[in-house]
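A.B. asks: Got a structure for you, questions after.
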Amino acid sequence: MGDPKGFMTVSRKDAGYRPTKERILDYGEVEQTLDRKDRALQASRCMDCGIPFCHWGCPVGSKIPEWQDAIYRGNIEEAYYILHSTNSFPEITGRICPAPCEKACVLAIHEEAVTIRENECATVEQAFEAGFVKANPPKSRTGKKVAVIGSGPAGLSAADLLNRAGHLVTVFEKNDAIGGLLRYGIPDFKLNKNIIDRRLELFVDEGIIFKTNVIVGVDITRDELLQEFDAVLLAVGAEKPRDLPADGRDLDGVHFAMDFLTQQNKVIAGQQLPDEERILAKDKNVLVIGGGDTGSDCVGTSIRQKASSVTQIEILPKPPETRQDNNPWPYWPNTIRTSSSHMEGCERRWSLNTKRFIGENGKLKQVELVQVEWEKGINGQWIMKEVPGTTEFMDVELVLLSMGFTQPVHSGLLESLGLEYDQRGNVKVNDKKQTSVEKIFAAGDVERGASLVVHAIEAGKVAAKNIDEFIRN
Ligand SMILES: Cc1cc2nc3c(=O)[nH]c(=O)nc-3n(C[C@H](O)[C@H](O)[C@H](O)COP(=O)(O)OP(=O)(O)OC[C@H]3O[C@@H](n4cnc5c(N)ncnc54)[C@H](O)[C@@H]3O)c2cc1C
Ligand code: SF4
């Protein structure tokens, strides 16, 4: 513990975002950083708790008090080493994790939490700059081969650890670039793609084989896969978006959020897309349906594309500003979250249901909305009721459906493997991430349902440990 009184003498200081007027003109990362002196001061606020709830709150079990202490002492190499020991991508969680660790920080009971996520990000950047992060290929190989299908954070986390254990790992990806939703979901203004590429270069130098544009299940069959590899990890995500089957859903102008976001990321990566396929918000009134993170990313992207107006609606009621009695520390706070995109100029509304999409000559013109109330039924379940006389019509030319993902896509690969599913349609796994089919493991959104990068990384770790044990025995 650097400074035993730091938490009393130093206030929390966030680096903040680039000025709105400047950042909406480009797709560069919005977040700024503090200088090293301020970082060390922020690290000094950590109380080195006997029971560090931050560590309990962090899905990858980051040893937060230890690396905060190393930052305070100015030992960035040590801080990086501790960070990397529990997470293959601290540079990514340091940018886009919602930081459950900070919500669980003991200081957050009565004060502002210790700065954890930003300190993590800054430390990794300093470590890369100083040349502390180098390729470290395994000293020997086991001769065992593992196929990882899907190159999102779950697949990459497992691939890294299995490769470090000496197994020959091949990562198959159906897209033209590696990264899963990190690459083609999360916008560049939250995560610059050169951050992914920098880590991938190390992975290549360490011996991981990447194969893009390969649809496993089509280009490689189940039997080929099981014959060639000693174990297979499915990390194919939960790609089935929740639809809104209202009247007019097929109008030109109603799209899934992911189609819109992926296009923008591809264009930033230098790809040319045919004009007739392009979904653009420019000069349009945009309605984002769904109040979560994907919706917020659609807001920021629409603003950068120069939409005339952006509205984001949510069917659930507005969350409270502060924790309620039934949602105490150290649990995740179910409070309102305002992202950098929301601050860029968007109207947010809650308790609104979408009744239908209205068009003219096949093109979207309006959306019919109605206010709803939520009441508890006799069995405790929530029941939605329309509020009479609250129907309204909103003029919109683009609707982006951002209501989450229901499950992994079953047709194709998963069906061909003959796997069991859980009640929600995710691939069923045991606590070792083993599926119902021998040799096949699953990790990430495919078995948990759509979640967070940090959960995918942890799932990849658990799968790697158990695959390693499985193929060695
Ligand atoms: C728009 C958006 C923004 C988000 N923002 C955040 C955020 O800020 N912070 C956060 O923590 N989380 C965020 N998330 C959630 C997070 O991205 C996911 O939880 C995480 O990426 C899941 O990782 P995964 O490895 O399980 O799957 P994915 O990242 O979905 O990767 C699965 C990969 O498998 C590939 N694949 C599928 N089928 C096949 C096949 N048959 N053959 C070969 N490859 C295949 C897919 O192409 C994909 O690349 C966001 C999600 C979205 C959609
Ligand atoms: S809970 Fe907060 S104060 Fe305590 S060790 Fe973790 S980061 Fe430091």
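We name chains A, B, ... following the order of the structure tokens; residues begin at 1 in each chain, and ligands are numbered from 1 as shown.
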Residues near Arg164 in chain A, anyone? I mean within 12 Å using only C-alpha atoms, not counting same-chain ones fewer than 2 positions away, as number ranges by chain.

C.D. replies: A: 88, 135-142, 157-162, 166-169, 202-203, 205-208, 461, 464-465, 468

A.B. asks: For the selection just defined, write its residues with N, CA, C and O atoms to a file, as a compact mmCIF listing (two decimals), in the first residue's frame.

C.D. replies:
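Saved file result.txt follows:
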```txt
# COMPACT_ATOMS: atom_id res chain seq x y z
N SER A 88 -5.53 -11.77 -20.45
CA SER A 88 -4.70 -11.65 -21.66
C SER A 88 -4.82 -10.28 -22.32
O SER A 88 -4.00 -9.92 -23.15
N ALA A 135 6.78 -10.66 -27.23
CA ALA A 135 6.34 -12.03 -27.54
C ALA A 135 7.12 -13.01 -26.68
O ALA A 135 8.33 -12.84 -26.48
N ASN A 136 6.42 -14.02 -26.18
CA ASN A 136 7.07 -14.98 -25.29
C ASN A 136 6.62 -16.39 -25.69
O ASN A 136 5.79 -17.00 -25.02
N PRO A 137 7.17 -16.90 -26.83
CA PRO A 137 6.68 -18.20 -27.32
C PRO A 137 6.98 -19.33 -26.33
O PRO A 137 7.94 -19.22 -25.56
N PRO A 138 6.17 -20.39 -26.33
CA PRO A 138 6.43 -21.49 -25.39
C PRO A 138 7.79 -22.14 -25.68
O PRO A 138 8.21 -22.21 -26.84
N LYS A 139 8.45 -22.58 -24.64
CA LYS A 139 9.81 -23.16 -24.80
C LYS A 139 9.74 -24.52 -25.51
O LYS A 139 10.65 -24.91 -26.20
N SER A 140 8.64 -25.26 -25.28
CA SER A 140 8.50 -26.55 -25.96
C SER A 140 7.04 -26.76 -26.34
O SER A 140 6.15 -26.10 -25.82
N ARG A 141 6.85 -27.70 -27.27
CA ARG A 141 5.50 -27.99 -27.76
C ARG A 141 5.07 -29.39 -27.30
O ARG A 141 5.90 -30.30 -27.22
N THR A 142 3.77 -29.54 -27.03
CA THR A 142 3.27 -30.83 -26.54
C THR A 142 2.93 -31.79 -27.68
O THR A 142 2.73 -32.98 -27.46
N SER A 157 -8.72 -15.43 -25.63
CA SER A 157 -8.20 -15.65 -24.28
C SER A 157 -7.78 -17.11 -24.12
O SER A 157 -6.68 -17.42 -23.64
N ALA A 158 -8.64 -18.03 -24.59
CA ALA A 158 -8.31 -19.45 -24.49
C ALA A 158 -7.12 -19.78 -25.38
O ALA A 158 -6.21 -20.52 -24.97
N ALA A 159 -7.11 -19.23 -26.60
CA ALA A 159 -6.02 -19.52 -27.54
C ALA A 159 -4.68 -19.11 -26.94
O ALA A 159 -3.69 -19.85 -27.01
N ASP A 160 -4.64 -17.95 -26.32
CA ASP A 160 -3.40 -17.46 -25.71
C ASP A 160 -2.90 -18.44 -24.65
O ASP A 160 -1.73 -18.85 -24.65
N LEU A 161 -3.78 -18.85 -23.75
CA LEU A 161 -3.35 -19.70 -22.64
C LEU A 161 -2.98 -21.11 -23.11
O LEU A 161 -2.02 -21.70 -22.62
N LEU A 162 -3.73 -21.63 -24.08
CA LEU A 162 -3.42 -22.97 -24.58
C LEU A 162 -2.09 -22.96 -25.33
O LEU A 162 -1.30 -23.91 -25.25
N GLY A 166 1.84 -24.74 -24.58
CA GLY A 166 2.64 -25.55 -25.51
C GLY A 166 1.82 -26.28 -26.57
O GLY A 166 2.37 -27.01 -27.39
N HIS A 167 0.50 -26.11 -26.56
CA HIS A 167 -0.32 -26.78 -27.58
C HIS A 167 -0.33 -25.95 -28.85
O HIS A 167 -0.17 -24.73 -28.81
N LEU A 168 -0.53 -26.62 -29.98
CA LEU A 168 -0.58 -25.90 -31.25
C LEU A 168 -2.03 -25.46 -31.49
O LEU A 168 -2.92 -26.30 -31.67
N VAL A 169 -2.25 -24.15 -31.49
CA VAL A 169 -3.62 -23.63 -31.54
C VAL A 169 -3.90 -23.00 -32.90
O VAL A 169 -3.13 -22.17 -33.38
N LEU A 202 1.66 -10.07 -31.44
CA LEU A 202 2.39 -10.86 -30.42
C LEU A 202 1.95 -12.32 -30.47
O LEU A 202 2.77 -13.23 -30.42
N PHE A 203 0.64 -12.53 -30.61
CA PHE A 203 0.11 -13.90 -30.66
C PHE A 203 0.70 -14.67 -31.85
O PHE A 203 1.04 -15.85 -31.75
N ASP A 205 3.57 -14.05 -33.36
CA ASP A 205 4.98 -14.33 -33.05
C ASP A 205 5.12 -15.47 -32.04
O ASP A 205 6.12 -16.17 -32.00
N GLU A 206 4.09 -15.63 -31.22
CA GLU A 206 4.15 -16.70 -30.20
C GLU A 206 3.69 -18.04 -30.76
O GLU A 206 3.73 -19.05 -30.05
N GLY A 207 3.18 -18.04 -31.99
CA GLY A 207 2.89 -19.32 -32.64
C GLY A 207 1.43 -19.67 -32.84
O GLY A 207 1.12 -20.77 -33.31
N ILE A 208 0.51 -18.77 -32.49
CA ILE A 208 -0.91 -19.08 -32.74
C ILE A 208 -1.17 -18.92 -34.23
O ILE A 208 -0.70 -17.97 -34.87
N LYS A 461 -10.48 -18.47 -20.13
CA LYS A 461 -9.45 -18.96 -19.18
C LYS A 461 -9.86 -20.32 -18.61
O LYS A 461 -9.07 -21.25 -18.54
N ALA A 464 -9.63 -23.00 -21.23
CA ALA A 464 -8.23 -23.35 -21.56
C ALA A 464 -7.66 -24.29 -20.50
O ALA A 464 -7.02 -25.30 -20.82
N LYS A 465 -7.92 -23.98 -19.24
CA LYS A 465 -7.38 -24.81 -18.15
C LYS A 465 -7.91 -26.25 -18.27
O LYS A 465 -7.17 -27.23 -18.16
N ASP A 468 -6.63 -28.10 -21.43
CA ASP A 468 -5.25 -28.52 -21.17
C ASP A 468 -5.24 -29.84 -20.39
O ASP A 468 -4.56 -30.80 -20.76
```

A.B. asks: At a cut-off of 7 Å and counting only C-alpha atoms and all ligand atoms, what residues surround ligand 2? Please answer as a list in words.

C.D. replies: Arg45, Cys46, Met47, Asp48, Cys49, Pro52, Phe53, Cys54, His55, Ile64, Pro65, Glu102, Ala104, Cys105, Val106, Leu107, Ala113, Val114 and Ile116 of chain A

A.B. asks: Given only C-alpha atoms and all ligand atoms, how would the per-residue table for chain A near ligand 1 read, listing every residue at most 6 Å away with its closest atom pair and distance in Å to one decimal, sorted by chain and number, as JSON lines?

C.D. replies:
```
{"residue": "A:Ile96", "atom": "CA", "partner": "ligand 1", "partner_atom_place_in_ligand_line": "8 (O)", "distance": 4.4}
{"residue": "A:Cys97", "atom": "CA", "partner": "ligand 1", "partner_atom_place_in_ligand_line": "11 (O)", "distance": 4.5}
{"residue": "A:Ile149", "atom": "CA", "partner": "ligand 1", "partner_atom_place_in_ligand_line": "43 (C)", "distance": 5.2}
{"residue": "A:Gly150", "atom": "CA", "partner": "ligand 1", "partner_atom_place_in_ligand_line": "34 (O)", "distance": 3.2}
{"residue": "A:Ser151", "atom": "CA", "partner": "ligand 1", "partner_atom_place_in_ligand_line": "33 (C)", "distance": 4.9}
{"residue": "A:Gly152", "atom": "CA", "partner": "ligand 1", "partner_atom_place_in_ligand_line": "25 (O)", "distance": 3.4}
{"residue": "A:Pro153", "atom": "CA", "partner": "ligand 1", "partner_atom_place_in_ligand_line": "25 (O)", "distance": 4.1}
{"residue": "A:Ala154", "atom": "CA", "partner": "ligand 1", "partner_atom_place_in_ligand_line": "25 (O)", "distance": 3.7}
{"residue": "A:Gly155", "atom": "CA", "partner": "ligand 1", "partner_atom_place_in_ligand_line": "25 (O)", "distance": 5.3}
{"residue": "A:Phe172", "atom": "CA", "partner": "ligand 1", "partner_atom_place_in_ligand_line": "43 (C)", "distance": 5.2}
{"residue": "A:Glu173", "atom": "CA", "partner": "ligand 1", "partner_atom_place_in_ligand_line": "44 (N)", "distance": 3.7}
{"residue": "A:Lys174", "atom": "CA", "partner": "ligand 1", "partner_atom_place_in_ligand_line": "43 (C)", "distance": 3.9}
{"residue": "A:Asn175", "atom": "CA", "partner": "ligand 1", "partner_atom_place_in_ligand_line": "47 (O)", "distance": 5.2}
{"residue": "A:Gly179", "atom": "CA", "partner": "ligand 1", "partner_atom_place_in_ligand_line": "49 (O)", "distance": 5.9}
{"residue": "A:Gly180", "atom": "CA", "partner": "ligand 1", "partner_atom_place_in_ligand_line": "49 (O)", "distance": 3.0}
{"residue": "A:Leu181", "atom": "CA", "partner": "ligand 1", "partner_atom_place_in_ligand_line": "29 (O)", "distance": 3.9}
{"residue": "A:Leu182", "atom": "CA", "partner": "ligand 1", "partner_atom_place_in_ligand_line": "17 (O)", "distance": 5.7}
{"residue": "A:Gly185", "atom": "CA", "partner": "ligand 1", "partner_atom_place_in_ligand_line": "1 (C)", "distance": 4.3}
{"residue": "A:Ile186", "atom": "CA", "partner": "ligand 1", "partner_atom_place_in_ligand_line": "3 (C)", "distance": 4.3}
{"residue": "A:Val214", "atom": "CA", "partner": "ligand 1", "partner_atom_place_in_ligand_line": "43 (C)", "distance": 5.7}
{"residue": "A:Ile215", "atom": "CA", "partner": "ligand 1", "partner_atom_place_in_ligand_line": "42 (N)", "distance": 3.9}
{"residue": "A:Val216", "atom": "CA", "partner": "ligand 1", "partner_atom_place_in_ligand_line": "42 (N)", "distance": 3.9}
{"residue": "A:Gly217", "atom": "CA", "partner": "ligand 1", "partner_atom_place_in_ligand_line": "41 (N)", "distance": 5.7}
{"residue": "A:Ala235", "atom": "CA", "partner": "ligand 1", "partner_atom_place_in_ligand_line": "25 (O)", "distance": 5.4}
{"residue": "A:Val236", "atom": "CA", "partner": "ligand 1", "partner_atom_place_in_ligand_line": "34 (O)", "distance": 3.4}
{"residue": "A:Gly237", "atom": "CA", "partner": "ligand 1", "partner_atom_place_in_ligand_line": "27 (O)", "distance": 3.5}
{"residue": "A:Ala238", "atom": "CA", "partner": "ligand 1", "partner_atom_place_in_ligand_line": "30 (O)", "distance": 6.0}
{"residue": "A:Asp293", "atom": "CA", "partner": "ligand 1", "partner_atom_place_in_ligand_line": "3 (C)", "distance": 5.8}
{"residue": "A:Thr294", "atom": "CA", "partner": "ligand 1", "partner_atom_place_in_ligand_line": "1 (C)", "distance": 4.0}
{"residue": "A:Leu413", "atom": "CA", "partner": "ligand 1", "partner_atom_place_in_ligand_line": "41 (N)", "distance": 5.4}
{"residue": "A:Gly444", "atom": "CA", "partner": "ligand 1", "partner_atom_place_in_ligand_line": "26 (O)", "distance": 3.5}
{"residue": "A:Asp445", "atom": "CA", "partner": "ligand 1", "partner_atom_place_in_ligand_line": "26 (O)", "distance": 3.8}
{"residue": "A:Val446", "atom": "CA", "partner": "ligand 1", "partner_atom_place_in_ligand_line": "26 (O)", "distance": 5.8}
{"residue": "A:Ala450", "atom": "CA", "partner": "ligand 1", "partner_atom_place_in_ligand_line": "19 (O)", "distance": 5.3}
{"residue": "A:Ser451", "atom": "CA", "partner": "ligand 1", "partner_atom_place_in_ligand_line": "19 (O)", "distance": 4.0}
{"residue": "A:Leu452", "atom": "CA", "partner": "ligand 1", "partner_atom_place_in_ligand_line": "11 (O)", "distance": 3.7}
{"residue": "A:Val453", "atom": "CA", "partner": "ligand 1", "partner_atom_place_in_ligand_line": "11 (O)", "distance": 3.8}
{"residue": "A:Val454", "atom": "CA", "partner": "ligand 1", "partner_atom_place_in_ligand_line": "11 (O)", "distance": 5.6}
{"residue": "A:Ala456", "atom": "CA", "partner": "ligand 1", "partner_atom_place_in_ligand_line": "23 (O)", "distance": 5.0}
```

A.B. asks: Taking only C-alpha atoms into account, name the residue in A:Leu400, A:Glu447, A:Gln423, A:Ala307 that is nearest to Ile24 in chain A.

C.D. replies: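 Checking each of A:Leu400, A:Glu447, A:Gln423, A:Ala307 against Ile24 in chain A, counting only C-alpha atoms, the winner is A:Ala307.
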
A.B. asks: Using DSSP secondary structure from the backbone, list all strand (DSSP E or B) positions within range 112-345 of chain A, as a PyMOL selection string.

C.D. replies: chain A and resi 145-149+168-172+209-211+216+220+231-234+240-241+247+252+254-256+285-289+309-313
